[in-house]
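Quick look at upload_27.cif (mmCIF, C-alpha atoms and all ligand atoms):
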data_run
loop_
_atom_site.label_atom_id
_atom_site.label_comp_id
_atom_site.auth_asym_id
_atom_site.auth_seq_id
_atom_site.Cartn_x
_atom_site.Cartn_y
_atom_site.Cartn_z
CA MET A 1 130.92 117.88 126.73
CA GLU A 2 129.56 115.49 124.16
CA GLY A 3 127.23 112.62 125.02
CA ILE A 4 124.37 110.43 123.84
CA VAL A 5 120.76 110.65 125.05
CA ILE A 6 119.87 107.24 126.44
CA ARG A 7 116.53 108.05 128.06
CA GLY A 8 113.97 110.84 128.02
CA LEU A 9 110.97 111.32 130.25
CA GLY A 10 108.91 114.43 130.87
CA GLY A 11 111.50 116.86 129.54
CA LEU A 12 114.30 115.30 131.53
CA TYR A 13 117.01 113.49 129.60
CA SER A 14 119.71 111.06 130.68
CA VAL A 15 122.91 111.78 128.80
CA LEU A 16 125.73 109.27 128.86
CA CYS A 17 129.25 110.63 128.61
CA ASP A 18 132.47 108.83 129.52
CA GLY A 19 130.62 106.16 131.47
CA GLU A 20 128.64 108.63 133.55
CA VAL A 21 124.95 109.45 133.27
CA TYR A 22 123.90 113.11 133.59
CA SER A 23 120.36 114.27 134.14
CA CYS A 24 119.73 117.19 131.79
CA ARG A 25 117.10 119.53 130.40
CA GLY A 26 117.02 120.86 126.87
CA ARG A 27 118.10 124.46 126.30
CA GLY A 28 115.04 126.71 126.21
CA GLY A 29 115.29 127.43 122.50
CA LEU A 30 115.63 123.84 121.33
CA LYS A 31 111.90 123.22 121.04
CA ARG A 32 111.27 126.59 119.43
CA ASP A 33 113.76 125.60 116.73
CA ARG A 34 111.51 122.57 116.20
CA ASN A 35 114.35 120.42 117.45
CA ILE A 36 112.80 117.70 119.50
CA LEU A 37 115.28 115.55 121.35
CA TYR A 38 115.28 111.84 120.65
CA VAL A 39 116.84 108.92 122.43
CA GLY A 40 119.98 108.19 120.41
CA ASP A 41 120.74 111.87 119.79
CA ARG A 42 124.37 112.89 120.15
CA VAL A 43 124.40 116.20 121.98
CA GLU A 44 126.62 118.93 123.32
CA PHE A 45 125.83 119.67 126.96
CA ASP A 46 127.36 121.30 130.03
CA GLY A 47 126.41 118.66 132.58
CA GLU A 48 122.90 120.06 133.16
CA VAL A 49 121.64 121.65 129.97
CA ILE A 50 121.67 120.22 126.45
CA GLU A 51 122.91 123.03 124.23
CA LYS A 52 122.96 121.48 120.81
CA ILE A 53 121.86 118.39 118.89
CA LEU A 54 124.60 117.09 116.61
CA PRO A 55 123.66 116.15 113.02
CA ARG A 56 121.59 112.95 112.85
CA ARG A 57 122.08 110.05 110.50
CA ASN A 58 118.40 109.15 110.75
CA VAL A 59 115.23 109.43 112.81
CA LEU A 60 112.66 106.70 113.27
CA PRO A 61 109.28 108.02 114.35
CA ARG A 62 107.60 105.18 116.20
CA PRO A 63 109.05 104.35 118.60
CA PRO A 64 110.98 107.61 118.36
CA MET A 65 114.74 107.32 118.20
CA ALA A 66 117.69 108.77 116.33
CA ASN A 67 120.96 107.47 114.90
CA LEU A 68 120.14 103.79 114.71
CA ASP A 69 123.03 101.99 112.99
CA VAL A 70 121.82 98.41 112.69
CA LEU A 71 118.39 96.82 112.69
CA PHE A 72 118.55 93.11 113.45
CA ILE A 73 115.50 91.62 111.78
CA VAL A 74 114.82 88.37 113.60
CA VAL A 75 113.01 85.67 111.66
CA ALA A 76 112.06 82.24 112.95
CA LEU A 77 112.41 79.56 110.28
CA SER A 78 109.01 78.39 111.49
CA ASP A 79 106.79 78.69 114.57
CA PRO A 80 105.74 81.35 113.72
CA LEU A 81 106.03 80.93 109.96
CA PRO A 82 107.76 84.00 108.46
CA ASN A 83 105.57 86.69 106.95
CA LEU A 84 107.61 87.63 103.90
CA TYR A 85 105.75 90.88 103.25
CA THR A 86 106.36 92.18 106.79
CA LEU A 87 109.96 91.11 106.50
CA ASP A 88 110.46 92.87 103.18
CA LYS A 89 108.79 95.98 104.51
CA LEU A 90 111.30 96.11 107.36
CA THR A 91 114.26 95.79 104.97
CA VAL A 92 112.83 98.50 102.71
CA ILE A 93 112.16 100.95 105.53
CA ALA A 94 115.62 100.30 106.99
CA GLU A 95 117.17 100.99 103.56
CA HIS A 96 115.12 104.15 103.20
CA CYS A 97 116.18 105.40 106.64
CA GLY A 98 119.86 104.56 106.18
CA VAL A 99 119.87 101.80 108.79
CA GLU A 100 121.74 98.60 107.98
CA PRO A 101 119.43 95.58 108.05
CA VAL A 102 120.95 92.34 109.30
CA LEU A 103 118.82 89.21 108.95
CA VAL A 104 118.94 86.84 111.88
CA PHE A 105 117.45 83.40 111.24
CA ASN A 106 116.49 81.87 114.53
CA LYS A 107 115.16 78.42 115.43
CA THR A 108 117.57 76.52 113.21
CA ASP A 109 116.43 73.42 115.12
CA LEU A 110 113.21 73.69 113.05
CA GLU A 111 112.56 73.24 109.32
CA ASP A 112 112.71 76.15 106.85
CA PRO A 113 109.55 75.42 104.85
CA LEU A 114 109.53 78.77 102.97
CA GLY A 115 113.23 78.67 102.14
CA VAL A 116 113.78 82.09 103.74
CA ARG A 117 117.47 81.53 104.23
CA GLU A 118 118.02 80.98 100.53
CA ILE A 119 115.90 83.99 99.53
CA TYR A 120 117.57 86.45 101.88
CA SER A 121 121.17 85.31 101.59
CA SER A 122 120.94 86.10 97.87
CA LEU A 123 120.20 89.80 98.42
CA GLY A 124 123.54 90.99 99.73
CA TYR A 125 122.46 91.66 103.33
CA PRO A 126 124.49 90.26 106.20
CA THR A 127 122.71 87.16 107.52
CA LEU A 128 123.25 84.92 110.50
CA SER A 129 121.63 81.59 111.35
CA LEU A 130 121.42 80.68 115.00
CA CYS A 131 119.47 78.85 117.63
CA ALA A 132 118.60 80.99 120.65
CA LYS A 133 117.27 77.95 122.45
CA THR A 134 120.57 76.01 122.43
CA GLY A 135 122.80 79.07 122.13
CA GLU A 136 124.35 77.81 118.91
CA ASN A 137 125.99 80.67 116.94
CA VAL A 138 124.48 83.30 119.23
CA GLU A 139 127.90 84.71 120.10
CA ARG A 140 128.40 85.53 116.42
CA LEU A 141 125.99 88.42 116.85
CA ARG A 142 128.32 90.26 119.19
CA PRO A 143 130.92 91.41 116.66
CA LEU A 144 128.10 92.72 114.43
CA MET A 145 126.90 94.91 117.30
CA ASP A 146 130.30 96.22 118.25
CA GLY A 147 130.44 100.00 118.43
CA LYS A 148 126.92 100.34 117.00
CA VAL A 149 123.50 101.53 118.12
CA CYS A 150 121.34 98.45 117.55
CA ALA A 151 117.72 97.41 117.73
CA PHE A 152 115.91 94.12 117.24
CA ALA A 153 112.78 93.80 115.13
CA GLY A 154 110.57 90.89 114.27
CA LEU A 155 107.19 89.33 114.87
CA SER A 156 106.19 88.30 118.33
CA GLY A 157 107.37 84.79 119.10
CA VAL A 158 110.43 84.71 116.82
CA GLY A 159 112.77 84.62 119.82
CA LYS A 160 114.00 88.19 120.34
CA SER A 161 113.78 88.08 124.12
CA THR A 162 115.42 84.66 124.33
CA LEU A 163 118.24 85.95 122.16
CA ILE A 164 118.79 89.17 124.10
CA ASN A 165 118.56 87.34 127.44
CA GLY A 166 121.27 84.97 126.26
CA LEU A 167 123.55 87.74 125.07
CA PHE A 168 123.03 90.34 127.77
CA PRO A 169 121.67 88.85 130.98
CA GLU A 170 122.39 92.13 132.78
CA ILE A 171 120.34 94.21 130.32
CA SER A 172 117.45 91.78 130.12
CA ARG A 173 116.72 91.90 133.79
CA GLU A 174 116.39 95.67 133.54
CA THR A 175 114.35 95.56 130.35
CA GLY A 176 111.87 93.24 132.02
CA ASP A 177 111.49 95.67 134.87
CA ILE A 178 110.93 98.59 132.59
CA SER A 179 108.29 96.84 130.51
CA ARG A 180 106.44 95.98 133.69
CA LYS A 181 106.69 99.55 134.95
CA LEU A 182 105.33 100.86 131.66
CA GLN A 183 102.44 98.44 131.74
CA ARG A 184 101.47 99.69 135.14
CA GLY A 185 101.67 103.28 133.96
CA ARG A 186 99.58 104.88 131.25
CA HIS A 187 99.05 102.33 128.53
CA THR A 188 99.87 104.85 125.80
CA THR A 189 103.41 105.31 127.06
CA ARG A 190 106.02 103.87 124.82
CA ALA A 191 109.45 105.00 125.84
CA VAL A 192 112.63 103.91 124.16
CA GLU A 193 115.69 103.46 126.23
CA LEU A 194 119.26 102.73 125.19
CA PHE A 195 121.32 100.26 127.16
CA SER A 196 125.04 100.45 126.80
CA PHE A 197 127.06 97.27 126.65
CA ALA A 198 130.75 96.84 126.06
CA GLY A 199 131.25 98.70 122.81
CA GLY A 200 127.71 99.64 121.80
CA PHE A 201 124.08 100.41 122.54
CA LEU A 202 120.94 98.35 122.40
CA ALA A 203 117.52 99.94 122.09
CA ASP A 204 114.98 98.46 124.42
CA THR A 205 111.89 98.57 122.30
CA PRO A 206 109.35 96.08 121.12
CA GLY A 207 107.98 98.47 118.51
CA PHE A 208 109.99 97.90 115.37
CA SER A 209 107.81 95.12 114.04
CA GLU A 210 105.25 97.76 113.12
CA LEU A 211 107.17 100.29 111.05
CA GLU A 212 104.96 102.02 108.49
CA PHE A 213 105.94 103.82 105.29
CA ALA A 214 104.43 107.30 105.68
CA PRO A 215 105.62 108.07 109.24
CA CYS A 216 109.13 107.07 108.13
CA GLY A 217 108.90 109.53 105.23
CA LEU A 218 108.65 106.91 102.50
CA VAL A 219 105.93 108.54 100.43
CA ASP A 220 107.47 108.57 96.94
CA ARG A 221 106.86 105.14 95.47
CA SER A 222 108.70 106.02 92.25
CA ARG A 223 111.91 105.36 94.19
CA LEU A 224 110.78 102.13 95.83
CA GLY A 225 112.88 99.89 93.56
CA GLU A 226 116.07 101.51 94.88
CA TYR A 227 115.38 100.06 98.32
CA PHE A 228 115.56 96.54 96.91
CA PRO A 229 119.32 95.93 96.56
CA GLU A 230 118.77 93.01 94.19
CA PHE A 231 116.80 95.28 91.80
CA ARG A 232 119.57 97.86 91.54
CA PRO A 233 121.63 96.19 88.76
CA PHE A 234 118.53 96.29 86.51
CA LEU A 235 116.96 99.65 87.31
CA GLY A 236 118.60 101.53 84.45
CA ASP A 237 117.67 98.97 81.80
CA CYS A 238 113.89 99.33 81.60
CA PHE A 239 112.34 100.57 78.34
CA PHE A 240 110.66 103.48 80.13
CA ARG A 241 112.86 105.73 82.19
CA ASP A 242 110.07 106.11 84.79
CA CYS A 243 109.12 102.42 84.71
CA ALA A 244 107.14 101.30 87.78
CA HIS A 245 108.22 97.68 87.12
CA GLY A 246 104.62 96.50 86.91
CA LYS A 247 103.11 95.58 83.54
CA GLU A 248 105.22 98.07 81.53
CA LYS A 249 106.72 97.06 78.20
CA ASP A 250 110.27 95.63 78.38
CA CYS A 251 110.74 95.98 82.13
CA ALA A 252 114.23 94.82 83.11
CA VAL A 253 113.21 94.10 86.68
CA ARG A 254 110.35 91.82 85.62
CA ALA A 255 112.69 90.12 83.14
CA ALA A 256 115.18 89.52 85.96
CA VAL A 257 112.42 87.92 88.03
CA GLU A 258 111.50 85.66 85.09
CA ALA A 259 115.18 84.76 84.61
CA GLY A 260 115.43 83.71 88.27
CA LYS A 261 117.75 86.60 89.25
CA ILE A 262 115.26 88.18 91.67
CA PRO A 263 113.24 86.04 94.12
CA PRO A 264 109.56 86.07 93.05
CA SER A 265 108.41 86.75 96.63
CA ARG A 266 110.50 89.92 96.75
CA TYR A 267 108.98 91.11 93.47
CA GLU A 268 105.48 90.36 94.79
CA SER A 269 106.29 92.36 97.92
CA TYR A 270 107.49 95.23 95.74
CA LEU A 271 104.21 95.31 93.80
CA ARG A 272 102.17 95.18 96.99
CA MET A 273 104.23 97.96 98.62
CA TYR A 274 103.83 100.07 95.48
CA GLU A 275 100.05 99.81 95.92
CA GLU A 276 100.21 100.34 99.67
CA ILE A 277 102.29 103.53 99.41
CA GLY A 278 100.01 104.91 96.69
CA PRO A 279 100.50 108.08 94.62
CA LEU A 280 102.04 111.19 96.16
CA ARG A 281 99.48 113.40 97.89
CA PRO A 282 99.62 117.09 96.86
CA TRP A 283 100.97 118.16 100.25
CA GLU A 284 103.85 115.70 99.94
CA LEU A 285 105.02 117.04 96.58
CA GLN A 286 107.33 119.78 97.87
CA LYS A 287 109.29 117.36 100.10
N1 LIG B 1 112.47 75.71 118.86
C1 LIG B 1 112.98 76.89 119.24
N2 LIG B 1 112.26 77.71 120.02
C2 LIG B 1 112.79 78.88 120.38
C3 LIG B 1 114.09 79.28 119.97
N3 LIG B 1 114.32 80.52 120.48
C4 LIG B 1 113.22 80.87 121.17
N4 LIG B 1 112.31 79.88 121.14
C5 LIG B 1 110.98 79.87 121.78
O1 LIG B 1 110.09 80.72 121.06
C6 LIG B 1 109.14 81.31 121.96
C7 LIG B 1 109.12 82.83 121.82
O2 LIG B 1 110.38 83.35 122.23
P1 LIG B 1 110.56 84.86 122.72
O3 LIG B 1 112.00 85.05 123.00
O4 LIG B 1 109.60 85.18 123.81
O5 LIG B 1 110.12 85.65 121.40
P2 LIG B 1 109.86 87.23 121.20
O6 LIG B 1 108.38 87.40 121.21
O7 LIG B 1 110.42 87.54 119.84
O8 LIG B 1 110.57 87.96 122.28
C8 LIG B 1 109.55 80.86 123.36
O9 LIG B 1 108.72 79.77 123.72
C9 LIG B 1 110.99 80.41 123.19
O10 LIG B 1 111.35 79.43 124.11
C10 LIG B 1 114.84 78.39 119.14
O11 LIG B 1 115.98 78.65 118.73
N5 LIG B 1 114.23 77.21 118.81
MG MG B 2 109.85 89.43 123.65
ZN ZN B 3 110.89 98.27 85.01
#
The structure in this file should be written as C-alpha cells.
Ligand SMILES: Nc1nc2c(ncn2[C@@H]2O[C@H](COP(=O)(O)OP(=O)(O)O)[C@@H](O)[C@H]2O)c(=O)[nH]1
Ligand SMILES: [Mg+2]
Ligand SMILES: [Zn+2]
Amino acid sequence: MEGIVIRGLGGLYSVLCDGEVYSCRGRGGLKRDRNILYVGDRVEFDGEVIEKILPRRNVLPRPPMANLDVLFIVVALSDPLPNLYTLDKLTVIAEHCGVEPVLVFNKTDLEDPLGVREIYSSLGYPTLSLCAKTGENVERLRPLMDGKVCAFAGLSGVGKSTLINGLFPEISRETGDISRKLQRGRHTTRAVELFSFAGGFLADTPGFSELEFAPCGLVDRSRLGEYFPEFRPFLGDCFFRDCAHGKEKDCAVRAAVEAGKIPPSRYESYLRMYEEIGPLRPWELQK
C-alpha cells in the first residue's frame, strides 16, 4: 500500500491511506540507510511496517517535514508592522527548497504603511489580500490549498490562528489540544503533524517563522540572486559573469534597482542575506 506519514512519535508513525490511519514502524534497515522518516513522507507499507520512502520533493529541517507544496506566508499590513527582511528570507528559503510561496496579506481593515502589497504583487508570486477578522476573502484561500500539502508561516500576531480557525474549525480545535499537550510535555518537543482536510493537508506547526539558511542547505551565496524571481531577467547581463550584484562594475541587477524595476527593499534584503550566508566553508565545498 501507499500512504503519507501524518505523525511520528517515538519510532511509531501514523500513515494515512484511503482515509484510514495505520500505526506503523519503520523497516529495520531504514535508519541504517540513513533514511530518517519525516512527516509528509510518501511511503510504501504493508499495514504495519514502512518498507520504503518514496522520492521526496523537499525536506525542511526545523520543524522537520517532507514534501511541502505551498508555504502561505502571512503578513499583517500593520500591527505588527511587517519585517521585510524576515519576509524576504522566507520567500528565498521557500524558493531554494522548491516550495511555492504564496503571500497572504491579512488585516486589510488596517493601513498598509510600508506598501507591502505593492512590493510583493510585483514579484510574480501568488498573493491574496484578506481580513481574517471579518472573514472577507478568506474563502479564496481554499482553492489554493486544494490537493496540496500546506503550511502557514509568519510572525506571531499576524493572524495565522484566526485564519486557520475560520477555515477549518474542526482542525483548529485539535491543534489547540496538541499545542497544550506539547507544552505540558518536555519543552524541547516540537512535533509536526499533518491534518487532512477535503483535498489536502495542513501542517500544524508554529515553527516556520524561524527558517534559517544553513539548516535548509542554502550555503552557496553565489546562487542567491536566482531565488529572487524579479532578479532573474537581469542575471545574465552583468559585466562580470560571477557578479555578486554588490558594488561591481556594470551590474545589471543594481541598474534594474536604480531604474525602478526591482523594489529597493528586496535589493537591500539580498545584500544583507549575502552577508548573512557568508562565504562557503571548506567542508561545504563538495556539496
Ligand atoms: N484588525 C485585525 N486584527 C486581526 C485580524 N486577524 C487577526 N487579528 C487579530 O490579531 C491578533 C493575533 O491573531 P492570531 O490569529 O493569534 O495571530 P498568530 O500569532 O499569527 O496566530 C488577534 O488579536 C486577532 O484578533 C484582522 O484581519 N484584522
Ligand atoms: Mg497562533
Ligand atoms: Zn550583478
Using all atoms listed in the file, which residues of the polymer chains come no farther than 7 Å from ligand LIG 1 (chain B)? I'd like the answer as a list in words.
Asn106, Lys107, Thr108, Asp109, Leu110, Leu130, Cys131, Ala132, Lys133, Thr134, Gly154, Leu155, Ser156, Gly157, Val158, Gly159, Lys160, Ser161, Thr162 and Leu163 of chain A
So what do you get for atom CA of A:Ser265 versus atom CA of A:Val104, distance-wise?
18.5 Å
For ligand ZN 3 (chain B), return the neighbouring residues as a list in words (distance at most 10 Å; only C-alpha atoms and all ligand atoms).
Gly225, Phe231, Phe234, Leu235, Gly236, Asp237, Cys238, Phe239, Phe240, Arg241, Asp242, Cys243, Ala244, His245, Gly246, Lys247, Glu248, Lys249, Asp250, Cys251, Ala252, Val253, Arg254, Ala255 and Ala256 of chain A
Would you save the residues from that selection as a PDB file, in the frame of the given file, using C-alpha atoms?
ATOM      1  CA  GLY A 225     112.880  99.890  93.560  1.00  0.00           C
ATOM      2  CA  PHE A 231     116.800  95.280  91.800  1.00  0.00           C
ATOM      3  CA  PHE A 234     118.530  96.290  86.510  1.00  0.00           C
ATOM      4  CA  LEU A 235     116.960  99.650  87.310  1.00  0.00           C
ATOM      5  CA  GLY A 236     118.600 101.530  84.450  1.00  0.00           C
ATOM      6  CA  ASP A 237     117.670  98.970  81.800  1.00  0.00           C
ATOM      7  CA  CYS A 238     113.890  99.330  81.600  1.00  0.00           C
ATOM      8  CA  PHE A 239     112.340 100.570  78.340  1.00  0.00           C
ATOM      9  CA  PHE A 240     110.660 103.480  80.130  1.00  0.00           C
ATOM     10  CA  ARG A 241     112.860 105.730  82.190  1.00  0.00           C
ATOM     11  CA  ASP A 242     110.070 106.110  84.790  1.00  0.00           C
ATOM     12  CA  CYS A 243     109.120 102.420  84.710  1.00  0.00           C
ATOM     13  CA  ALA A 244     107.140 101.300  87.780  1.00  0.00           C
ATOM     14  CA  HIS A 245     108.220  97.680  87.120  1.00  0.00           C
ATOM     15  CA  GLY A 246     104.620  96.500  86.910  1.00  0.00           C
ATOM     16  CA  LYS A 247     103.110  95.580  83.540  1.00  0.00           C
ATOM     17  CA  GLU A 248     105.220  98.070  81.530  1.00  0.00           C
ATOM     18  CA  LYS A 249     106.720  97.060  78.200  1.00  0.00           C
ATOM     19  CA  ASP A 250     110.270  95.630  78.380  1.00  0.00           C
ATOM     20  CA  CYS A 251     110.740  95.980  82.130  1.00  0.00           C
ATOM     21  CA  ALA A 252     114.230  94.820  83.110  1.00  0.00           C
ATOM     22  CA  VAL A 253     113.210  94.100  86.680  1.00  0.00           C
ATOM     23  CA  ARG A 254     110.350  91.820  85.620  1.00  0.00           C
ATOM     24  CA  ALA A 255     112.690  90.120  83.140  1.00  0.00           C
ATOM     25  CA  ALA A 256     115.180  89.520  85.960  1.00  0.00           C
TER      26      ALA A 256
END
May I ask which of the residues A:Leu9, A:Ala198, A:Leu271, A:Val74 is the closest one to ligand MG 2 (chain B), counting all atoms listed in the file?
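The answer is A:Val74, which sits nearest to ligand MG 2 (chain B).
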Quick one: 6 Å padding each side, axis-aligned, all listed atoms of stretch 249-252 of chain A - centre and edge lengths in Å to one decimal, as lines of an AutoDock Vina configuration file?
center_x = 110.5
center_y = 95.9
center_z = 80.7
size_x = 19.5
size_y = 14.2
size_z = 16.9
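Non-sequential neighbours of A:Asp146 (distance at most 9 Å, separation of 5 or more positions within a chain, only C-alpha atoms) are A:Ala198, A:Gly199, A:Gly200, A:Phe201.
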Write a file of the selected residues as a PDB file, in the frame of the given file, keeping C-alpha atoms.
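Result file result22.pdb:
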ATOM      1  CA  ALA A 198     130.750  96.840 126.060  1.00  0.00           C
ATOM      2  CA  GLY A 199     131.250  98.700 122.810  1.00  0.00           C
ATOM      3  CA  GLY A 200     127.710  99.640 121.800  1.00  0.00           C
ATOM      4  CA  PHE A 201     124.080 100.410 122.540  1.00  0.00           C
TER       5      PHE A 201
END
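Distances here use only C-alpha atoms; by that measure, the residue among A:Gly166, A:Gly217, A:Gly40, A:Pro64 closest to A:Ile277 is A:Gly217.
The two atoms in question, atom CA of A:Asp88 and atom CA of A:Asp112, are spaced 17.3 Å apart.
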If we count only C-alpha atoms and set the cut-off at 12 Å, which residues sit around A:Gly124, ignoring sequence neighbours fewer than 6 positions away in its own chain? Please answer as an mmCIF file with C-alpha atoms, in the coordinates of the input.
data_model
loop_
_atom_site.group_PDB
_atom_site.id
_atom_site.type_symbol
_atom_site.label_atom_id
_atom_site.label_comp_id
_atom_site.auth_asym_id
_atom_site.auth_seq_id
_atom_site.Cartn_x
_atom_site.Cartn_y
_atom_site.Cartn_z
ATOM 1 C CA THR A 91 114.260 95.790 104.970
ATOM 2 C CA GLU A 100 121.740 98.600 107.980
ATOM 3 C CA PRO A 101 119.430 95.580 108.050
ATOM 4 C CA VAL A 102 120.950 92.340 109.300
ATOM 5 C CA LEU A 103 118.820 89.210 108.950
ATOM 6 C CA GLU A 118 118.020 80.980 100.530
ATOM 7 C CA PHE A 228 115.560 96.540 96.910
ATOM 8 C CA PRO A 229 119.320 95.930 96.560
ATOM 9 C CA GLU A 230 118.770 93.010 94.190
ATOM 10 C CA PHE A 231 116.800 95.280 91.800
ATOM 11 C CA ARG A 232 119.570 97.860 91.540
ATOM 12 C CA ILE A 262 115.260 88.180 91.670
#
Pairwise distance for atom CA of A:Leu30 and atom CA of A:Ile50, rounded to one decimal in Å
8.7 Å
